[in-house]
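What follows is a set of notes on a single structure, which appears directly below.
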Amino acid sequence: MSARFDILGGGVCGLAMAAELASRGAEVTVTDPAGPPGDHACSWWAGGMLAPDCEGVSAEPEVVRQGRRAADWWEAQGARVAREGTIVVALRRDQGELATFARRAPGAVSLDRDGLAALEPQIADQFSAALFLPDEAHLAPRETLTALRARLARAGVTFQGALGGAREGQVIDCRGLAARDRLPDLRGVKGEMLVVRSPDVTLSRPVRLLHPRFPLYIVPRGDGIFMLGATQLESGERHRATLRSVMELMNAAYALHPAFGEAELLEIGVDARPAFPDNQPRLRRIGDRIYANGLFRHGFLLAPALARMSADLLLEGKTPEVWYEDHRER
Amino acid sequence: MPVFYGKDIPSRLMLGTAQYPSPAILAEAFRQSGAGIATVSLRREAGGERAGQAFWSLIEELGVAVLPNTAGCHSAREAVTTARMARELFETNWIKLEVIGHADTLQPDPFGLLEAAAQLCAEGFEVFPYCTEDLVLCERLVEAGCKVLMPWGAPIGTGLGLNNIYGLRSLRAHFPDIPLVVDAGLGLPSQAARAMELGYDAVLLNTAVARAGDPVAMARGFARAVEAGALAAKADPMDPRDMAAPSTPVLGKAFL
């Protein structure tokens with residue numbers, strides 16, 4: 001008889017978990033009262049950048065190490081992964097930021113204006129220098145989550161709105177911030193983002209604008225649609241975007257490319273990322289439950305690693321080397 | 001060690017709590033540096049009120065005195081409102097008063113600052129004004145009831161160090177009994193040591209530590225520099241001597 005799992009939460013963490021376990025032959029049920037992936041899930045608002053090198057500038061080395069395998073994993077799930085790398089720029093007076101970033105992101109290739117023009121011709125007028133991280137990738141979170149759910153359903157994973165009466169499987173709690181009642185050290189880190197339509201702008205890959213106070217990234221979604229993100233505030237508040245934040249994002253986008261001034265504003269998104277104090281994820285065993293949480297701003301980057309660790313632990317008895325905590329009574 | 005509004009502080013290093021890679025690194029930077037005061041921004045780092053509770057709890061666990069600030073306020077009225085919120089949230093009369101006059105450089109607005117300081121002192125707040133090194137402004141702030149002054153070294157986040165040594169020395173000489181803190185603009189421990197050598201009571205910084213590649217190591221570096229500078233100030237340093245141009249013929253030269 002195959003192993004059975006009850007996964008709580010159908011965001012990026014829960015779906016990645018379901019995909020990994022199901023692909024190894026387990027019988028999986030995903031329970032999410034909110035239904036299919038949508039704006040209730042933090043990952044719905046994600047940038048979808050698989051950018052371990054860029055993240056490594058401020059994140060722990062383990063995030064980089066685990067994140068390097070994310071693009072392959074998502075591709076294996078049938079996701080459309082664009083392997084176009086990342087461009088990093090800074091305004092003229094903030095060139096110091098670019099130098100610091102280059103030092104701290106091994107693998108960053110320095111580009112002059114011509115080099116930038118070859119990759120992103122539309123922003124080469126504004127920037128005489130840039131960095132290129134060729135190994136990075138991006139995907140479209142909403143399309144990816146929706147497609148993955150459909151794929152899992154076809155593969156026999158059960159999706160339901162409420163837990164059944166008699167549970168037989170191992171429960172894996174992937175509810176993100178909703179699991180705060182069980183994980184007291186989990187906190188919310190608020191993020192605000194915009195979705196705009198700007199047919200005049202063409203970008204082939206995520207572009208990060210470094211700024212001492214208002215860093216910005218822009219991710220092209222195709223068809224002239226762009227995601228602009230994201231603020232990072234120490235707050236669990238999930239619903240109110242402030243004018244200040246929206247203005248900062250818009251200002252930065254306008255500085256990156258004046259054509260964004262004519263963009264149509266499609267969405268203002270807000271949510272809070274679930275994070276532990278060191279901003280690294282955890283697989284935590286409490287009683288008979290497993291909690292997978294704390295993906296912070298690295299949902300798509302690290303959910304595959306967390307899923308792999310869970311499957312190794314629960315199906316093969318291999319204790320993960322990192323991010324695993326056993327809180328059971330001994 | 002400095003005494004602010006009657007409270008003894010065990011360290012001359014004060015640290016801000018923004019921009020760290022994670023709260024865990026922030027906490028370690030505090031532990032390793034022995035910083036005695038943590039400044040927290042009510043407006044900027046958190047959505048305000050209870051939403052940032054998880055983060056406030058982490059700050060409280062540091063076990064240091066909390067100095068809430070009014071960062072991000074652009075008018076006296078806004079700063080006063082924020083200060084009142086901070087008093088309720090953190091149950092302290094202390095407030096680091098920032099009234100920003102210029103959105104890009106974050107240069108203080110001396111006029112709004114003085115207005116807000118007078119109002120807050122009258123309401124029983126213990127005000128730590130973030131100001132420029134302008135002597136007259138500082139005199140007015142003291143008249144308004146401030147018993148600590150926090151002149152900048154350079155604009156916030158620039159890491160340029162002490163831009164006006166003369167002005168900072170002048171403040172020290174004119175306010176021998178008011179605790180003085182260099183706030184903002186420090187990028188390197190040597191700059192913090194210099195502030196201490198000028199006889200300042202403490203330094204307050206954030207970006208230099210939080211945005212260093214290794215914030216914990218940089219926090220330790222600043223702690224040692226502050227200690228070194230304070231020791232030097234206490235030790236009555238020698239004055240520099242100019243030996244490059246001899247004033248009298250060197251005795252015995254004929255024998256060489």
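Labeling convention for the structure tokens: chains A, B, ... as they appear, residues from 1 per chain, ligands from 1 in order of appearance.
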**Prompt:** Which chain B residues are at most 12 Å from chain A (counting only C-alpha atoms), as JSON, numbers by chain?
**Reply:** {"B": [17, 18, 19, 20, 21, 22, 23, 24, 25, 26, 27, 28, 40, 41, 42, 43, 44, 45, 46, 47, 48, 49, 50, 51, 52, 53, 54, 55, 56, 57, 58, 59, 72, 73, 103, 104, 105, 106, 156, 157, 158, 159, 207, 208, 210, 211, 212, 213, 214, 215]}
Using C-alpha atoms, can you export the residues from the last selection as a compact mmCIF listing (two decimals), in the first residue's frame?
```txt
# COMPACT_ATOMS: atom_id res chain seq x y z
CA THR B 17 16.67 48.17 13.39
CA ALA B 18 15.90 48.63 9.67
CA GLN B 19 17.28 46.91 6.58
CA TYR B 20 18.92 43.88 8.18
CA PRO B 21 18.86 40.67 6.14
CA SER B 22 16.74 39.07 8.85
CA PRO B 23 15.58 39.66 12.43
CA ALA B 24 17.91 36.85 13.51
CA ILE B 25 20.93 38.73 12.13
CA LEU B 26 19.66 41.94 13.69
CA ALA B 27 19.49 40.23 17.08
CA GLU B 28 22.98 38.80 16.71
CA VAL B 40 12.56 51.60 15.79
CA SER B 41 10.56 53.29 13.11
CA LEU B 42 6.85 53.25 13.63
CA ARG B 43 5.91 54.39 10.17
CA ARG B 44 8.43 52.93 7.86
CA GLU B 45 9.31 49.41 8.93
CA ALA B 46 5.89 48.36 9.97
CA GLY B 47 2.36 49.17 8.97
CA GLY B 48 1.99 50.65 12.41
CA GLU B 49 -0.11 49.60 15.35
CA ARG B 50 -0.61 45.91 15.98
CA ALA B 51 0.25 44.62 12.53
CA GLY B 52 3.95 44.79 13.26
CA GLN B 53 3.56 43.09 16.64
CA ALA B 54 5.66 40.08 15.69
CA PHE B 55 8.57 42.36 14.83
CA TRP B 56 8.13 44.52 17.94
CA SER B 57 8.26 41.36 20.05
CA LEU B 58 11.58 40.45 18.47
CA ILE B 59 12.90 43.94 19.28
CA GLY B 72 9.35 59.29 7.42
CA CYS B 73 7.43 62.24 8.90
CA ALA B 103 12.39 63.86 0.53
CA ASP B 104 15.46 62.76 -1.41
CA THR B 105 18.33 63.56 0.95
CA LEU B 106 16.21 63.13 4.10
CA ILE B 156 21.11 59.49 6.37
CA GLY B 157 22.43 56.38 4.69
CA THR B 158 25.35 58.05 2.90
CA GLY B 159 28.19 56.62 4.97
CA THR B 207 22.78 51.35 7.40
CA ALA B 208 26.52 50.92 7.99
CA ALA B 210 22.61 46.50 8.43
CA ARG B 211 23.85 46.71 4.85
CA ALA B 212 27.37 45.45 5.44
CA GLY B 213 28.11 42.10 3.86
CA ASP B 214 28.49 40.73 7.39
CA PRO B 215 26.38 42.91 9.69
```
**Request:** May I have the residues within 7 Å of Ala137 of chain A as a ChimeraX atom specification, using only C-alpha atoms and disregarding those fewer than 5 positions away in the same chain?
**Result:** /A:49-51,71,81-85
Based on the selection just made, write N, CA, C and O atoms of those residues as a compact mmCIF listing (two decimals), in the first residue's frame.
```txt
# COMPACT_ATOMS: atom_id res chain seq x y z
N MET A 49 10.51 35.00 -9.67
CA MET A 49 11.92 35.00 -10.10
C MET A 49 12.63 33.81 -9.46
O MET A 49 12.52 33.60 -8.25
N LEU A 50 13.34 33.06 -10.27
CA LEU A 50 14.17 31.98 -9.75
C LEU A 50 15.59 32.53 -9.82
O LEU A 50 16.33 32.29 -10.75
N ALA A 51 15.91 33.34 -8.81
CA ALA A 51 17.11 34.18 -8.87
C ALA A 51 17.98 33.99 -7.63
O ALA A 51 18.13 34.88 -6.81
N ALA A 71 14.83 25.96 -10.89
CA ALA A 71 14.40 26.09 -12.29
C ALA A 71 14.20 24.71 -12.92
O ALA A 71 13.20 24.46 -13.60
N VAL A 81 9.37 27.79 -17.88
CA VAL A 81 10.45 28.50 -17.20
C VAL A 81 11.28 29.24 -18.25
O VAL A 81 11.79 28.63 -19.19
N ALA A 82 11.37 30.55 -18.08
CA ALA A 82 12.18 31.34 -19.02
C ALA A 82 13.58 31.48 -18.46
O ALA A 82 13.77 32.08 -17.39
N ARG A 83 14.54 30.92 -19.15
CA ARG A 83 15.92 30.98 -18.66
C ARG A 83 16.66 32.09 -19.38
O ARG A 83 17.47 31.84 -20.27
N GLU A 84 16.35 33.27 -18.99
CA GLU A 84 16.90 34.45 -19.67
C GLU A 84 17.85 35.24 -18.79
O GLU A 84 18.37 36.27 -19.19
N GLY A 85 18.02 34.78 -17.54
CA GLY A 85 18.90 35.51 -16.64
C GLY A 85 18.22 36.73 -16.03
O GLY A 85 17.00 36.92 -16.19
```
**Request:** Calculate how many Å separate atom CA of Val148 of chain B from atom CA of Leu204 of chain B, rounding to one decimal.
**Result:**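 Atom-to-atom, atom CA of Val148 of chain B to atom CA of Leu204 of chain B, that is 12.8 Å.
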**Message:** Could you list, as a list in words, every residue within 6 Å of Asn293 of chain A, counting only C-alpha atoms and ignoring same-chain residues fewer than 3 positions away?
**Reply:**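 Residues near the query, excluding close chain neighbours: Gly176, Pro281 and Arg282 of chain A.
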Write to file, as a PDB file, in the first residue's frame, the residues of the selection just made, with all heavy atoms.
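Result saved to again.pdb:
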```pdb
ATOM      1  N   GLY A 176       1.079  28.453   5.251  1.00  0.00           N
ATOM      2  CA  GLY A 176       1.674  29.788   5.273  1.00  0.00           C
ATOM      3  C   GLY A 176       1.317  30.526   6.546  1.00  0.00           C
ATOM      4  O   GLY A 176       1.256  29.928   7.629  1.00  0.00           O
ATOM      5  N   PRO A 281      13.328  29.019   5.457  1.00  0.00           N
ATOM      6  CA  PRO A 281      12.180  28.132   5.675  1.00  0.00           C
ATOM      7  C   PRO A 281      12.489  27.006   6.658  1.00  0.00           C
ATOM      8  O   PRO A 281      13.650  26.796   7.009  1.00  0.00           O
ATOM      9  CB  PRO A 281      11.908  27.568   4.276  1.00  0.00           C
ATOM     10  CG  PRO A 281      13.225  27.636   3.580  1.00  0.00           C
ATOM     11  CD  PRO A 281      13.933  28.836   4.129  1.00  0.00           C
ATOM     12  N   ARG A 282      11.460  26.337   7.087  1.00  0.00           N
ATOM     13  CA  ARG A 282      11.611  25.224   8.030  1.00  0.00           C
ATOM     14  C   ARG A 282      10.677  24.087   7.668  1.00  0.00           C
ATOM     15  O   ARG A 282       9.566  24.314   7.199  1.00  0.00           O
ATOM     16  CB  ARG A 282      11.232  25.668   9.449  1.00  0.00           C
ATOM     17  CG  ARG A 282      12.188  26.599  10.116  1.00  0.00           C
ATOM     18  CD  ARG A 282      13.496  25.922  10.488  1.00  0.00           C
ATOM     19  NE  ARG A 282      14.327  26.832  11.246  1.00  0.00           N
ATOM     20  CZ  ARG A 282      14.961  27.887  10.736  1.00  0.00           C
ATOM     21  NH1 ARG A 282      14.868  28.157   9.453  1.00  0.00           N
ATOM     22  NH2 ARG A 282      15.680  28.680  11.502  1.00  0.00           N
TER      23      ARG A 282
END
```
**Message:** If you run DSSP on the backbone here, which positions in segment 206-318 of chain A get alpha helix (DSSP H)? Please write them as a ChimeraX atom specification.
**Reply:** /A:243-256,299-316
**Asked** What lies within 12 Å of Asp201 of chain B using only C-alpha atoms, ignoring chain neighbours under 3 positions off, as a PyMOL selection string?
**Response** chain B and resi 1-4+8-14+148-151+172+175-183+192-198+204+226-227+229-231+233-234
Could you please take those selected residues and save N, CA, C and O atoms as a compact mmCIF listing (two decimals), in the first residue's frame?
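Result file result29.txt:
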```txt
# COMPACT_ATOMS: atom_id res chain seq x y z
N MET B 1 29.73 56.28 30.76
CA MET B 1 28.65 55.88 29.87
C MET B 1 27.56 56.94 29.85
O MET B 1 27.37 57.67 30.82
N PRO B 2 26.83 57.05 28.75
CA PRO B 2 25.88 58.15 28.63
C PRO B 2 24.67 58.01 29.56
O PRO B 2 24.29 56.90 29.93
N VAL B 3 24.12 59.15 29.93
CA VAL B 3 22.88 59.18 30.70
C VAL B 3 21.90 60.04 29.89
O VAL B 3 22.17 61.20 29.62
N PHE B 4 20.82 59.43 29.47
CA PHE B 4 19.81 60.15 28.71
C PHE B 4 18.54 60.28 29.54
O PHE B 4 17.94 59.30 29.93
N ASP B 8 20.64 55.54 32.81
CA ASP B 8 22.00 55.10 32.48
C ASP B 8 21.96 54.11 31.33
O ASP B 8 21.19 53.15 31.36
N ILE B 9 22.81 54.33 30.36
CA ILE B 9 22.87 53.43 29.21
C ILE B 9 24.24 52.73 29.22
O ILE B 9 25.27 53.40 29.35
N PRO B 10 24.25 51.41 29.10
CA PRO B 10 25.50 50.68 29.27
C PRO B 10 26.44 50.72 28.07
O PRO B 10 27.50 50.11 28.10
N SER B 11 26.08 51.42 27.02
CA SER B 11 26.93 51.43 25.84
C SER B 11 26.82 52.77 25.13
O SER B 11 25.81 53.45 25.21
N ARG B 12 27.89 53.14 24.42
CA ARG B 12 27.86 54.38 23.64
C ARG B 12 27.42 54.13 22.21
O ARG B 12 27.47 55.01 21.37
N LEU B 13 27.04 52.90 21.93
CA LEU B 13 26.60 52.56 20.58
C LEU B 13 25.09 52.36 20.58
O LEU B 13 24.54 51.65 21.40
N MET B 14 24.44 53.07 19.65
CA MET B 14 23.00 52.91 19.47
C MET B 14 22.78 52.43 18.03
O MET B 14 23.40 52.95 17.11
N VAL B 148 18.83 66.20 25.16
CA VAL B 148 19.79 65.44 24.35
C VAL B 148 19.77 66.08 22.96
O VAL B 148 18.72 66.56 22.52
N LEU B 149 20.93 66.12 22.29
CA LEU B 149 20.95 66.61 20.91
C LEU B 149 21.58 65.53 20.03
O LEU B 149 22.56 64.88 20.42
N MET B 150 21.00 65.37 18.83
CA MET B 150 21.53 64.35 17.94
C MET B 150 21.83 64.93 16.55
O MET B 150 21.07 64.73 15.61
N PRO B 151 22.96 65.67 16.45
CA PRO B 151 23.31 66.21 15.14
C PRO B 151 23.77 65.12 14.19
O PRO B 151 24.34 64.12 14.62
N ARG B 172 30.01 70.61 20.81
CA ARG B 172 30.52 70.02 22.05
C ARG B 172 30.97 71.11 23.03
O ARG B 172 30.69 71.05 24.23
N PHE B 175 27.85 73.04 24.42
CA PHE B 175 26.91 72.29 25.26
C PHE B 175 27.66 71.23 26.06
O PHE B 175 27.48 70.02 25.85
N PRO B 176 28.51 71.68 27.00
CA PRO B 176 29.32 70.69 27.73
C PRO B 176 28.46 69.74 28.57
O PRO B 176 28.89 68.63 28.87
N ASP B 177 27.25 70.17 28.94
CA ASP B 177 26.45 69.35 29.86
C ASP B 177 25.28 68.64 29.20
O ASP B 177 24.50 67.96 29.87
N ILE B 178 25.13 68.82 27.88
CA ILE B 178 24.03 68.14 27.19
C ILE B 178 24.61 66.90 26.48
O ILE B 178 25.59 67.02 25.76
N PRO B 179 24.02 65.75 26.70
CA PRO B 179 24.51 64.58 25.96
C PRO B 179 24.36 64.79 24.45
O PRO B 179 23.30 65.20 23.99
N LEU B 180 25.45 64.54 23.74
CA LEU B 180 25.45 64.73 22.29
C LEU B 180 25.69 63.38 21.60
O LEU B 180 26.58 62.63 21.98
N VAL B 181 24.89 63.14 20.58
CA VAL B 181 24.98 61.88 19.84
C VAL B 181 25.13 62.20 18.36
O VAL B 181 24.33 62.97 17.82
N VAL B 182 26.15 61.64 17.71
CA VAL B 182 26.18 61.77 16.26
C VAL B 182 25.22 60.75 15.68
O VAL B 182 25.35 59.55 15.91
N ASP B 183 24.25 61.25 14.95
CA ASP B 183 23.21 60.40 14.40
C ASP B 183 23.22 60.54 12.88
O ASP B 183 23.08 61.63 12.36
N ALA B 192 33.13 56.59 13.61
CA ALA B 192 32.50 56.56 14.93
C ALA B 192 33.54 56.87 16.01
O ALA B 192 33.27 57.60 16.97
N ALA B 193 34.75 56.32 15.84
CA ALA B 193 35.82 56.60 16.79
C ALA B 193 36.12 58.10 16.82
O ALA B 193 36.32 58.69 17.88
N ARG B 194 36.13 58.71 15.65
CA ARG B 194 36.40 60.15 15.56
C ARG B 194 35.35 60.94 16.33
O ARG B 194 35.67 61.90 17.03
N ALA B 195 34.09 60.54 16.20
CA ALA B 195 33.03 61.24 16.94
C ALA B 195 33.26 61.14 18.44
O ALA B 195 33.09 62.12 19.17
N MET B 196 33.69 59.98 18.88
CA MET B 196 33.98 59.80 20.30
C MET B 196 35.17 60.67 20.72
O MET B 196 35.17 61.27 21.80
N GLU B 197 36.18 60.72 19.85
CA GLU B 197 37.37 61.53 20.17
C GLU B 197 37.02 63.00 20.30
O GLU B 197 37.68 63.75 21.01
N LEU B 198 35.98 63.41 19.59
CA LEU B 198 35.52 64.81 19.71
C LEU B 198 34.79 65.04 21.02
O LEU B 198 34.37 66.15 21.31
N LEU B 204 24.78 56.93 16.80
CA LEU B 204 23.63 56.14 16.38
C LEU B 204 23.78 55.84 14.89
O LEU B 204 24.01 56.77 14.10
N VAL B 226 34.02 52.54 18.96
CA VAL B 226 33.39 53.49 19.89
C VAL B 226 34.12 53.45 21.24
O VAL B 226 34.39 54.48 21.85
N GLU B 227 34.45 52.26 21.66
CA GLU B 227 35.17 52.12 22.92
C GLU B 227 36.56 52.78 22.82
O GLU B 227 36.98 53.52 23.73
N GLY B 229 37.53 55.20 20.78
CA GLY B 229 37.41 56.66 20.71
C GLY B 229 37.08 57.27 22.06
O GLY B 229 37.60 58.33 22.43
N ALA B 230 36.21 56.59 22.81
CA ALA B 230 35.81 57.11 24.12
C ALA B 230 37.00 57.08 25.09
O ALA B 230 37.20 58.01 25.88
N LEU B 231 37.79 56.00 25.02
CA LEU B 231 38.98 55.93 25.87
C LEU B 231 39.94 57.06 25.53
O LEU B 231 40.51 57.70 26.42
N ALA B 233 39.27 59.98 24.23
CA ALA B 233 38.75 61.27 24.69
C ALA B 233 39.02 61.46 26.18
O ALA B 233 39.39 62.54 26.63
N LYS B 234 38.86 60.37 26.93
CA LYS B 234 39.04 60.42 28.37
C LYS B 234 40.51 60.57 28.73
O LYS B 234 40.87 61.15 29.76
```
**Complete:** Of B:Leu141, B:Leu135, B:Ala244, B:Leu62, the one nearest to Leu168 of chain B when counting only C-alpha atoms is B:Leu135
**Prompt:** Which polymer residues have any atom within 10 Å of an atom of Leu152 of chain A, counting only C-alpha atoms, with same-chain residues fewer than 6 positions away left out, as JSON, numbers by chain?
**Reply:** {"A": [15, 16, 18, 19, 22, 23, 28, 30, 77, 158, 159]}
Writing out the chosen residues with C-alpha atoms as a PDB file, in the first residue's frame:
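again-v7.pdb, written as the output of this step:
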```pdb
ATOM      1  CA  LEU A  15       1.273  22.227  -4.434  1.00  0.00           C
ATOM      2  CA  ALA A  16       5.028  21.680  -4.666  1.00  0.00           C
ATOM      3  CA  ALA A  18       1.909  17.408  -3.450  1.00  0.00           C
ATOM      4  CA  ALA A  19       3.825  17.245  -6.722  1.00  0.00           C
ATOM      5  CA  ALA A  22       2.829  12.159  -5.836  1.00  0.00           C
ATOM      6  CA  SER A  23       5.728  11.812  -8.254  1.00  0.00           C
ATOM      7  CA  VAL A  28      -1.950  12.720  -1.808  1.00  0.00           C
ATOM      8  CA  VAL A  30      -4.700  18.655  -0.803  1.00  0.00           C
ATOM      9  CA  GLN A  77       6.595  19.869 -13.449  1.00  0.00           C
ATOM     10  CA  THR A 158      -7.403  14.707  -4.644  1.00  0.00           C
ATOM     11  CA  PHE A 159      -8.358  18.352  -3.999  1.00  0.00           C
TER      12      PHE A 159
END
```
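Distance-wise, atom CA of Leu160 of chain B and atom CA of Gly96 of chain A end up 12.5 Å apart.
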**Item:** Near-Phe260 of chain A list (9 Å; only C-alpha atoms; drop same-chain fewer than 5 positions) as JSON, numbers by chain
**Value:** {"A": [196, 197, 198, 200, 201, 250, 253, 254, 255]}
Output of the above residues as a PDB file, in the first residue's frame, restricted to C-alpha atoms:
```
ATOM      1  CA  VAL A 196       0.661  47.126 -15.242  1.00  0.00           C
ATOM      2  CA  ARG A 197       0.092  46.931 -18.971  1.00  0.00           C
ATOM      3  CA  SER A 198       2.664  48.809 -20.972  1.00  0.00           C
ATOM      4  CA  ASP A 200       5.421  50.223 -25.446  1.00  0.00           C
ATOM      5  CA  VAL A 201       7.899  48.481 -23.171  1.00  0.00           C
ATOM      6  CA  MET A 250       5.778  53.735  -9.647  1.00  0.00           C
ATOM      7  CA  ALA A 253       9.563  52.031 -12.579  1.00  0.00           C
ATOM      8  CA  TYR A 254       9.408  55.445 -14.206  1.00  0.00           C
ATOM      9  CA  ALA A 255      13.107  55.979 -13.470  1.00  0.00           C
TER      10      ALA A 255
END
```
**Prompt:** What residues in segment 163-246 of chain A get the DSSP label strand (DSSP E or B)? Please answer as a PyMOL selection string.
**Reply:** chain A and resi 170-173+187-197+207-210+216-222+225-229+233
**Asked** What gap, in Å, lies between atom CA of Ser2 of chain A and atom CA of Glu325 of chain A?
**Response** 25.5 Å
